[in-house]
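Have a look at final.cif below; it lists mmCIF, C-alpha atoms.
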```
data_work
#
loop_
_atom_site.label_atom_id
_atom_site.label_comp_id
_atom_site.auth_asym_id
_atom_site.auth_seq_id
_atom_site.Cartn_x
_atom_site.Cartn_y
_atom_site.Cartn_z
CA MET A 24 229.84 42.18 5.80
CA THR A 25 227.15 40.26 4.01
CA ARG A 26 227.40 38.59 0.61
CA ASP A 27 225.04 41.22 -0.83
CA VAL A 28 227.57 43.97 -0.25
CA HIS A 29 230.18 42.08 -2.27
CA ASP A 30 227.67 41.41 -5.04
CA GLU A 31 226.77 45.07 -5.12
CA ALA A 32 230.44 46.06 -5.26
CA ARG A 33 231.11 43.64 -8.12
CA GLU A 34 228.14 44.93 -10.08
CA LEU A 35 229.47 48.46 -9.68
CA ILE A 36 232.91 47.32 -10.85
CA VAL A 37 231.44 45.83 -14.04
CA LEU A 38 229.10 48.74 -14.75
CA GLY A 39 232.07 51.04 -14.42
CA GLU A 40 231.98 54.58 -15.64
CA SER A 41 228.44 55.70 -14.92
CA LEU A 42 228.77 55.82 -11.12
CA SER A 43 227.94 58.84 -9.01
CA ASP A 44 230.69 60.32 -6.82
CA ALA A 45 229.10 58.84 -3.70
CA ARG A 46 228.92 55.34 -5.19
CA ARG A 47 232.48 55.65 -6.44
CA ALA A 48 233.69 56.67 -2.97
CA TRP A 49 231.79 53.79 -1.40
CA LEU A 50 233.31 51.34 -3.89
CA ARG A 51 236.80 52.68 -3.29
CA ALA A 52 236.37 52.30 0.46
CA HIS A 53 235.05 48.77 -0.01
CA LEU A 54 237.96 47.78 -2.24
CA ASP A 55 240.40 49.11 0.38
CA GLU A 56 239.13 46.61 2.88
CA CYS A 57 238.01 43.66 0.73
CA GLU A 58 240.77 41.74 -0.98
CA ALA A 59 238.42 39.39 -2.83
CA CYS A 60 236.59 42.26 -4.52
CA LEU A 61 239.91 43.96 -5.31
CA HIS A 62 241.04 40.78 -7.07
CA TYR A 63 237.71 40.71 -8.87
CA ALA A 64 238.23 44.30 -10.04
CA GLU A 65 241.68 43.41 -11.34
CA ALA A 66 240.24 40.37 -13.13
CA VAL A 67 237.55 42.55 -14.76
CA ASN A 68 240.17 45.06 -15.90
CA GLY A 69 242.25 42.22 -17.33
CA ALA A 70 239.28 40.73 -19.17
CA VAL A 71 238.26 44.09 -20.62
CA ARG A 72 241.85 44.77 -21.74
CA THR A 73 241.93 41.35 -23.40
CA LEU A 74 238.63 41.98 -25.18
CA ARG A 75 239.85 45.35 -26.43
CA SER A 76 243.12 43.83 -27.61
CA LEU A 77 241.33 41.64 -30.13
CA PRO A 78 242.48 42.78 -33.57
CA PHE A 79 239.75 42.87 -36.17
CA ALA A 80 239.59 44.19 -39.71
CA ALA A 81 237.00 44.12 -42.44
CA ASP A 82 238.20 42.99 -45.84
CA SER A 83 238.68 45.94 -48.21
CA ARG A 84 236.99 43.91 -50.98
CA LEU A 85 233.89 43.60 -48.81
CA VAL A 86 233.86 47.36 -48.29
CA ARG A 87 234.23 48.07 -52.01
CA ALA A 88 231.57 45.49 -52.93
CA THR A 89 229.19 46.99 -50.38
CA GLN A 90 229.79 50.51 -51.65
CA MET A 91 229.12 49.43 -55.23
CA ARG A 92 226.01 47.53 -54.23
CA VAL A 93 224.67 50.46 -52.25
CA ARG A 94 225.32 52.85 -55.16
CA PHE A 95 223.59 50.49 -57.60
CA HIS A 96 220.61 50.10 -55.29
CA ALA A 97 220.46 53.87 -54.79
CA SER A 98 220.30 54.40 -58.55
CA ARG A 99 217.49 51.83 -58.78
CA LEU A 100 215.55 53.59 -56.05
CA ARG A 101 216.10 56.91 -57.81
CA GLU A 102 214.80 55.46 -61.10
CA THR A 103 211.72 54.10 -59.32
CA ARG A 104 211.09 57.49 -57.73
CA GLU A 105 211.46 59.24 -61.09
CA ARG A 106 209.07 56.74 -62.66
CA LEU A 107 206.54 57.36 -59.92
CA TRP A 108 206.91 61.08 -60.46
CA LEU A 109 206.22 60.60 -64.17
CA VAL A 110 203.15 58.48 -63.39
CA GLY A 111 201.93 61.21 -61.05
CA LEU A 112 202.49 63.85 -63.72
CA ALA A 113 200.65 61.74 -66.30
CA CYS A 114 197.72 61.34 -63.89
CA LEU A 115 197.58 65.11 -63.46
CA ALA A 116 197.65 65.69 -67.22
CA VAL A 117 194.92 63.11 -67.77
CA GLY A 118 192.80 64.68 -65.04
CA LEU A 119 193.14 68.15 -66.52
CA SER A 120 192.42 67.05 -70.09
CA ALA A 121 189.42 65.04 -68.85
CA THR A 122 188.01 68.09 -67.08
CA LEU A 123 188.26 70.05 -70.31
CA THR A 124 187.03 67.39 -72.75
CA VAL A 125 184.22 65.66 -70.82
CA PRO A 126 181.60 68.43 -71.44
CA LEU A 127 182.48 68.50 -75.14
CA LEU A 128 182.30 64.72 -75.47
CA TRP A 129 179.02 64.67 -73.57
CA ARG A 130 177.54 67.11 -76.08
CA LEU A 131 178.99 65.11 -78.97
CA PHE A 132 177.39 61.88 -77.71
CA ALA A 133 174.09 63.69 -77.12
CA TRP A 134 174.13 65.10 -80.66
CA MET A 135 174.99 61.67 -82.15
CA GLY A 136 172.23 60.02 -80.07
CA GLU A 137 169.65 62.54 -81.24
CA SER A 138 170.83 62.22 -84.86
CA ALA A 139 170.57 58.42 -84.69
CA GLY A 140 167.18 58.66 -82.98
CA VAL A 141 168.11 56.46 -79.97
CA SER A 142 166.88 56.95 -76.44
CA SER A 143 168.99 58.97 -74.05
CA TRP A 144 170.08 56.01 -71.84
CA VAL A 145 171.62 54.34 -74.94
CA TRP A 146 173.96 57.23 -75.81
CA GLN A 147 174.68 57.81 -72.12
CA ALA A 148 175.71 54.13 -71.74
CA GLY A 149 177.86 54.54 -74.87
CA PHE A 150 179.51 57.58 -73.35
CA ALA A 151 180.23 55.72 -70.07
CA PHE A 152 181.63 52.76 -72.00
CA PHE A 153 183.86 55.03 -74.09
CA TRP A 154 185.01 56.79 -70.94
CA ILE A 155 185.70 53.85 -68.61
CA VAL A 156 186.89 50.98 -70.83
CA PRO A 157 190.33 52.37 -71.85
CA ALA A 158 191.25 53.05 -68.20
CA LEU A 159 190.09 49.56 -67.20
CA LEU A 160 192.12 47.98 -69.99
CA VAL A 161 195.30 49.87 -69.04
CA SER A 162 194.84 48.95 -65.36
CA ALA A 163 194.34 45.29 -66.24
CA VAL A 164 197.49 45.26 -68.39
CA LEU A 165 199.58 46.94 -65.66
CA LEU A 166 198.28 44.58 -63.00
CA ALA A 167 198.99 41.58 -65.22
CA ARG A 168 202.59 42.75 -65.71
CA GLY A 169 202.90 43.41 -62.00
CA SER A 170 206.35 44.92 -62.20
CA HIS A 171 205.59 48.35 -63.63
CA LEU A 172 206.73 50.15 -60.50
CA THR A 173 209.39 47.96 -58.96
CA GLY A 174 211.71 47.55 -61.93
CA ASN A 175 213.48 44.31 -62.85
CA GLY A 176 216.90 45.01 -61.34
CA GLU A 177 215.67 44.73 -57.73
CA LYS A 178 215.34 40.99 -58.00
CA GLN A 179 219.01 40.51 -58.75
CA TRP A 180 219.91 41.22 -55.13
CA ARG A 181 217.36 38.91 -53.53
CA MET B 30 239.99 80.78 -29.21
CA ASN B 31 236.52 80.49 -27.70
CA ALA B 32 234.99 81.02 -31.12
CA ILE B 33 237.03 78.14 -32.55
CA ALA B 34 235.98 75.91 -29.66
CA TYR B 35 232.35 76.96 -30.17
CA CYS B 36 232.53 76.14 -33.89
CA PHE B 37 234.13 72.80 -33.12
CA VAL B 38 231.43 71.93 -30.58
CA LYS B 39 228.70 73.03 -33.03
CA ALA B 40 230.27 70.91 -35.76
CA MET B 41 230.39 67.90 -33.43
CA GLU B 42 226.75 68.46 -32.44
CA SER B 43 225.53 68.75 -35.99
CA GLU B 44 227.27 65.59 -37.25
CA PRO B 45 224.29 63.25 -36.59
CA ARG B 46 221.96 65.84 -38.12
CA ALA B 47 224.15 66.16 -41.18
CA ILE B 48 224.10 62.36 -41.50
CA ALA B 49 220.31 62.36 -41.12
CA ARG B 50 219.97 64.97 -43.86
CA GLY B 51 222.30 63.03 -46.16
CA LEU B 52 220.43 59.78 -45.54
CA ARG B 53 217.13 61.44 -46.38
CA ARG B 54 218.68 62.52 -49.71
CA ARG B 55 220.22 59.05 -50.13
CA ASP B 56 223.53 60.75 -50.74
CA PRO B 57 225.86 58.03 -52.16
CA ASP B 58 229.05 59.87 -51.14
CA LEU B 59 227.87 60.06 -47.56
CA LEU B 60 227.02 56.35 -47.61
CA ASP B 61 230.49 55.53 -49.00
CA ARG B 62 232.05 57.50 -46.16
CA LEU B 63 229.86 55.85 -43.51
CA ILE B 64 230.64 52.37 -44.86
CA GLU B 65 234.36 53.17 -44.63
CA GLN B 66 234.03 54.69 -41.19
CA TYR B 67 232.00 51.92 -39.58
CA GLN B 68 233.36 48.92 -41.51
CA HIS B 69 235.36 47.30 -38.69
CA ARG B 70 232.99 48.07 -35.86
CA LEU B 71 229.87 46.93 -37.69
CA LEU B 72 231.44 43.75 -39.04
CA ARG B 73 232.87 42.83 -35.62
CA TYR B 74 229.45 43.32 -34.04
CA LEU B 75 227.79 41.20 -36.73
CA VAL B 76 230.40 38.44 -36.45
CA TYR B 77 229.72 38.09 -32.73
CA LEU B 78 225.98 38.42 -33.18
CA ALA B 79 225.71 35.89 -35.99
CA GLY B 80 228.58 33.71 -34.77
CA ASN B 81 229.80 33.24 -38.33
CA ARG B 82 232.02 35.49 -40.46
CA GLU B 83 230.55 34.54 -43.84
CA LEU B 84 227.01 35.21 -42.69
CA ALA B 85 228.19 38.40 -41.00
CA GLU B 86 229.61 39.67 -44.31
CA ASP B 87 226.27 39.05 -46.05
CA LEU B 88 224.46 40.82 -43.24
CA PHE B 89 226.99 43.67 -43.42
CA GLN B 90 225.94 44.35 -47.03
CA GLU B 91 222.26 43.94 -46.26
CA THR B 92 222.58 46.34 -43.33
CA TRP B 93 223.86 49.11 -45.59
CA ILE B 94 221.13 48.43 -48.15
CA ARG B 95 218.61 48.81 -45.34
CA VAL B 96 220.32 51.99 -44.17
CA LEU B 97 219.90 53.33 -47.72
CA GLU B 98 216.24 52.33 -47.88
CA ARG B 99 215.25 53.42 -44.39
CA GLY B 100 217.68 56.25 -43.84
CA HIS B 101 214.78 58.71 -43.54
CA GLN B 102 213.87 57.00 -40.24
CA TYR B 103 217.11 58.16 -38.60
CA ASP B 104 216.22 61.38 -36.79
CA GLY B 105 219.75 62.66 -36.07
CA LYS B 106 218.95 63.06 -32.36
CA HIS B 107 221.00 60.02 -31.30
CA GLU B 108 224.41 58.75 -32.33
CA PHE B 109 224.36 57.26 -35.81
CA SER B 110 226.22 54.16 -34.57
CA THR B 111 223.39 53.36 -32.13
CA TRP B 112 220.85 53.43 -34.93
CA LEU B 113 223.17 51.45 -37.23
CA TYR B 114 223.63 48.69 -34.65
CA ALA B 115 219.88 48.52 -34.13
CA VAL B 116 219.34 48.14 -37.90
CA ALA B 117 222.00 45.41 -38.07
CA ARG B 118 220.57 43.64 -35.04
CA ASN B 119 217.00 43.60 -36.39
CA LEU B 120 218.22 42.34 -39.75
CA THR B 121 220.23 39.55 -38.12
CA ILE B 122 217.33 38.46 -35.94
CA ASP B 123 214.97 38.51 -38.95
CA TYR B 124 217.42 36.40 -40.93
CA LEU B 125 217.98 33.89 -38.14
CA ARG B 126 214.26 33.62 -37.43
CA LYS B 127 213.55 32.95 -41.10
CA LYS B 128 216.25 30.33 -41.17
CA SER B 129 214.77 28.48 -38.26
CA PRO B 130 212.00 29.25 -35.76
CA LEU B 131 214.24 28.23 -32.84
CA SER B 132 215.69 30.76 -30.44
CA LEU B 133 218.41 33.14 -31.58
CA ASP B 134 220.82 31.62 -29.14
CA GLY B 135 220.15 28.06 -30.24
CA LEU B 136 220.79 29.01 -33.84
CA MET B 137 224.04 30.65 -32.99
CA GLU B 138 225.23 27.60 -31.13
CA ASP B 139 224.68 25.57 -34.31
CA GLU B 140 226.83 27.81 -36.45
CA GLU B 141 230.42 27.00 -37.19
CA HIS B 142 232.46 29.50 -35.26
CA ALA B 143 235.03 30.67 -37.74
CA PRO B 144 238.08 32.16 -36.05
CA LEU B 145 238.45 35.89 -36.41
CA GLU B 146 241.05 37.20 -38.76
CA PRO B 147 243.61 39.49 -37.21
CA ALA B 148 244.16 42.93 -38.72
CA ASP B 149 246.80 43.08 -41.42
CA THR B 150 249.36 45.28 -39.68
CA ARG B 151 252.29 43.35 -41.22
CA PRO B 152 253.96 42.19 -37.99
CA MET B 153 256.67 39.53 -37.73
CA ALA B 154 255.70 35.93 -38.49
CA TRP B 155 255.72 34.81 -34.86
CA GLU B 156 253.62 37.82 -33.93
CA VAL B 157 251.10 36.83 -36.57
CA VAL B 158 250.86 33.34 -35.11
CA GLN B 159 250.56 34.71 -31.60
CA GLN B 160 247.95 37.26 -32.62
CA HIS B 161 245.99 34.63 -34.46
CA GLU B 162 246.02 32.25 -31.50
CA GLN B 163 245.03 35.05 -29.15
CA ALA B 164 242.18 36.07 -31.46
CA GLU B 165 241.00 32.47 -31.69
CA ARG B 166 240.99 32.07 -27.92
CA ILE B 167 239.09 35.31 -27.33
CA SER B 168 236.69 34.48 -30.14
CA ALA B 169 236.08 30.99 -28.77
CA ALA B 170 235.48 32.40 -25.29
CA LEU B 171 233.00 34.93 -26.63
CA VAL B 172 230.99 32.51 -28.73
CA SER B 173 230.75 30.09 -25.81
CA ILE B 174 228.47 32.42 -23.85
CA PRO B 175 224.77 32.94 -24.73
CA ALA B 176 224.07 35.41 -27.55
CA GLU B 177 222.23 38.04 -25.50
CA TYR B 178 225.12 38.23 -23.00
CA ARG B 179 227.73 38.16 -25.76
CA GLU B 180 226.00 40.98 -27.60
CA THR B 181 225.89 43.18 -24.49
CA VAL B 182 229.54 42.50 -23.61
CA VAL B 183 230.68 43.22 -27.18
CA LEU B 184 228.66 46.44 -27.42
CA ARG B 185 229.96 47.66 -24.06
CA PHE B 186 233.61 46.65 -24.06
CA GLN B 187 234.50 46.41 -27.74
CA GLU B 188 232.24 49.01 -29.33
CA GLY B 189 232.36 51.32 -26.32
CA LEU B 190 228.63 52.04 -26.19
CA ALA B 191 227.09 53.50 -23.03
CA LEU B 192 224.57 51.38 -21.15
CA GLU B 193 221.68 53.57 -22.33
CA GLU B 194 222.82 53.20 -25.94
CA ILE B 195 222.97 49.41 -25.55
CA ALA B 196 219.41 49.51 -24.21
CA THR B 197 218.36 51.48 -27.30
CA VAL B 198 220.12 49.10 -29.70
CA THR B 199 218.79 45.93 -28.09
CA GLY B 200 215.37 47.27 -27.12
CA ALA B 201 215.94 45.95 -23.59
CA LYS B 202 215.41 47.78 -20.31
CA LEU B 203 218.42 49.40 -18.69
CA GLY B 204 218.20 47.00 -15.75
CA THR B 205 218.24 44.04 -18.13
CA VAL B 206 221.31 45.45 -19.89
CA LYS B 207 223.13 45.85 -16.56
CA SER B 208 222.22 42.34 -15.51
CA ARG B 209 223.33 40.87 -18.87
CA LEU B 210 226.59 42.76 -18.70
CA TYR B 211 227.34 41.55 -15.18
CA ARG B 212 226.40 37.94 -15.85
CA GLY B 213 228.02 37.91 -19.28
CA LEU B 214 231.34 39.20 -17.99
CA ASN B 215 231.25 36.73 -15.09
CA MET B 216 230.68 33.90 -17.57
CA LEU B 217 233.40 35.19 -19.82
CA MET B 218 236.20 35.86 -17.34
CA PRO B 219 237.13 32.26 -16.53
CA ARG B 220 237.02 31.43 -20.25
CA LEU B 221 239.26 34.37 -21.11
CA LYS B 222 241.97 33.41 -18.63
CA GLY B 223 243.94 31.44 -21.21
CA ALA B 224 243.81 34.33 -23.66
CA GLN B 225 245.13 36.99 -21.32
CA ALA B 226 248.62 38.14 -22.03
#
```

What is this structure when it is put down as structure tokens?
Amino acid sequence: MTRDVHDEARELIVLGESLSDARRAWLRAHLDECEACLHYAEAVNGAVRTLRSLPFAADSRLVRATQMRVRFHASRLRETRERLWLVGLACLAVGLSATLTVPLLWRLFAWMGESAGVSSWVWQAGFAFFWIVPALLVSAVLLARGSHLTGNGEKQWR
Amino acid sequence: MNAIAYCFVKAMESEPRAIARGLRRRDPDLLDRLIEQYQHRLLRYLVYLAGNRELAEDLFQETWIRVLERGHQYDGKHEFSTWLYAVARNLTIDYLRKKSPLSLDGLMEDEEHAPLEPADTRPMAWEVVQQHEQAERISAALVSIPAEYRETVVLRFQEGLALEEIATVTGAKLGTVKSRLYRGLNMLMPRLKGAQA
């Protein structure tokens, strides 16, 4: 027998349970006639038994601390999600009210422009300014704060 | 009788799916139960992966935070433990890479290898000493082999994962897993001789 046959047999011994019937029969036949591989198989069984005998336990305090931390983090994530939902709802409300009020405001600015006797581009620029500036200001404030969506508690765990 | 068996089989089949549904909802009771259920197995895996109990305990907590955050990514088609080990493994590698750009194995060699604590089963004093010595010897043998071999051996023989599951957890090819298992066990056997009862 060549060395390759022994190597193959030893690989099959280590890989264990996932052998086909034919491979298992071949291995059994090989072990019947090869003492070295039989010793190897016994050594593998011994090593695996030893590994499985290793007692190991997690500390109950670690488990409790982890559970508490996970619950706390879950509540933070839930708060963030609720906040995002509120922001989404606010956006929807703003969009709807804008759709309703823009034509009225446009007419109001046109009437004021005509009453004041200014050219149309002046009252139109005034309307655009009135319309865009508040949103820009709010965006700038939120960006400057930076933490409007993440919440402050997240940082405690990092 | 057949109906009971059928219900039992269905219940067993739907367990990963029930976990997947609970994780999508971020159900805290489910997470509590999973933490309890996988506490020993996950911590043991992390201790051998990180080579250090203190670090493993930090990573244990971080793993469950990540499970909470990314639970929606678990599809319920595979065993939950396979996905959990993969999460823990990625987190450990990320941590060790951040700590130093050297190889995972090199970093693990630098760690202090704290001996593993035996389970508190309240045996006699001499049994405690014996158990502790045995655990130390096995632990020392395990941490003396390279990390990728150690990980494969631990997943196969301590956690009882199938070869395909180990390939999923480690992201390695099945052939690589087989080769690591064979070489790892061959490296380990002479070192374990002193620890065998």

So which residues get picked by the PyMOL selection byres ((chain A) within 9 of (chain B)) here, written as a PDB file with C-alpha atoms, in the frame of the given file?
```pdb
ATOM      1  CA  ARG A  33     231.110  43.640  -8.120  1.00  0.00           C
ATOM      2  CA  GLU A  34     228.140  44.930 -10.080  1.00  0.00           C
ATOM      3  CA  VAL A  37     231.440  45.830 -14.040  1.00  0.00           C
ATOM      4  CA  LEU A  38     229.100  48.740 -14.750  1.00  0.00           C
ATOM      5  CA  GLU A  40     231.980  54.580 -15.640  1.00  0.00           C
ATOM      6  CA  SER A  41     228.440  55.700 -14.920  1.00  0.00           C
ATOM      7  CA  ALA A  66     240.240  40.370 -13.130  1.00  0.00           C
ATOM      8  CA  VAL A  67     237.550  42.550 -14.760  1.00  0.00           C
ATOM      9  CA  GLY A  69     242.250  42.220 -17.330  1.00  0.00           C
ATOM     10  CA  ALA A  70     239.280  40.730 -19.170  1.00  0.00           C
ATOM     11  CA  VAL A  71     238.260  44.090 -20.620  1.00  0.00           C
ATOM     12  CA  ARG A  72     241.850  44.770 -21.740  1.00  0.00           C
ATOM     13  CA  THR A  73     241.930  41.350 -23.400  1.00  0.00           C
ATOM     14  CA  LEU A  74     238.630  41.980 -25.180  1.00  0.00           C
ATOM     15  CA  ARG A  75     239.850  45.350 -26.430  1.00  0.00           C
ATOM     16  CA  SER A  76     243.120  43.830 -27.610  1.00  0.00           C
ATOM     17  CA  LEU A  77     241.330  41.640 -30.130  1.00  0.00           C
ATOM     18  CA  PRO A  78     242.480  42.780 -33.570  1.00  0.00           C
ATOM     19  CA  PHE A  79     239.750  42.870 -36.170  1.00  0.00           C
ATOM     20  CA  ALA A  80     239.590  44.190 -39.710  1.00  0.00           C
ATOM     21  CA  ALA A  81     237.000  44.120 -42.440  1.00  0.00           C
ATOM     22  CA  ASP A  82     238.200  42.990 -45.840  1.00  0.00           C
ATOM     23  CA  LEU A  85     233.890  43.600 -48.810  1.00  0.00           C
ATOM     24  CA  VAL A  86     233.860  47.360 -48.290  1.00  0.00           C
ATOM     25  CA  ARG A  87     234.230  48.070 -52.010  1.00  0.00           C
ATOM     26  CA  ALA A  88     231.570  45.490 -52.930  1.00  0.00           C
ATOM     27  CA  THR A  89     229.190  46.990 -50.380  1.00  0.00           C
ATOM     28  CA  GLN A  90     229.790  50.510 -51.650  1.00  0.00           C
ATOM     29  CA  MET A  91     229.120  49.430 -55.230  1.00  0.00           C
ATOM     30  CA  ARG A  92     226.010  47.530 -54.230  1.00  0.00           C
ATOM     31  CA  VAL A  93     224.670  50.460 -52.250  1.00  0.00           C
ATOM     32  CA  ARG A  94     225.320  52.850 -55.160  1.00  0.00           C
ATOM     33  CA  HIS A  96     220.610  50.100 -55.290  1.00  0.00           C
ATOM     34  CA  ALA A  97     220.460  53.870 -54.790  1.00  0.00           C
ATOM     35  CA  LEU A 100     215.550  53.590 -56.050  1.00  0.00           C
ATOM     36  CA  ARG A 101     216.100  56.910 -57.810  1.00  0.00           C
TER      37      ARG A 101
END
```

Completion exercise
note - atom CA of B:Arg46 and atom CA of B:Gly105 are separated by 4.4 Å

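Nearest residue to A:Ile155 among A:Gly136, A:Ala59, A:Glu102, A:Ala121 is A:Ala121, counting all atoms listed in the file.
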
Handout entry: Between atom CA of B:Tyr74 and atom CA of B:Val116 - distance in Å to one decimal
Key = 11.8 Å

Problem - Contact residues around stretch 147-152 of chain A with only C-alpha atoms at 10 Å, ignoring same-chain residues under 3 positions, as a ChimeraX atom specification - result: /A:125,128-129,131-133,136,142-144,155-157

Handout entry: Selection result of the PyMOL selection byres ((chain A and resi 31) around 12) on this file, as a VMD selection string
Key = (chain A and resid 24 to 30 32 to 38 46 49 to 50 53 to 54 60) or (chain B and resid 208 211)

Put those residues in a file: C-alpha atoms, as a CSV table (one decimal), in the coordinates of the input.
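Listing of again.csv after writing:
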```
chain,number,residue,atom,x,y,z
A,24,MET,CA,229.8,42.2,5.8
A,25,THR,CA,227.2,40.3,4.0
A,26,ARG,CA,227.4,38.6,0.6
A,27,ASP,CA,225.0,41.2,-0.8
A,28,VAL,CA,227.6,44.0,-0.2
A,29,HIS,CA,230.2,42.1,-2.3
A,30,ASP,CA,227.7,41.4,-5.0
A,32,ALA,CA,230.4,46.1,-5.3
A,33,ARG,CA,231.1,43.6,-8.1
A,34,GLU,CA,228.1,44.9,-10.1
A,35,LEU,CA,229.5,48.5,-9.7
A,36,ILE,CA,232.9,47.3,-10.8
A,37,VAL,CA,231.4,45.8,-14.0
A,38,LEU,CA,229.1,48.7,-14.8
A,46,ARG,CA,228.9,55.3,-5.2
A,49,TRP,CA,231.8,53.8,-1.4
A,50,LEU,CA,233.3,51.3,-3.9
A,53,HIS,CA,235.0,48.8,0.0
A,54,LEU,CA,238.0,47.8,-2.2
A,60,CYS,CA,236.6,42.3,-4.5
B,208,SER,CA,222.2,42.3,-15.5
B,211,TYR,CA,227.3,41.6,-15.2
```

Exercise for the section: Rounded to one decimal place, report the atom CA of B:Ala176-atom CA of B:Leu78 distance in Å. Expected result: 6.7 Å
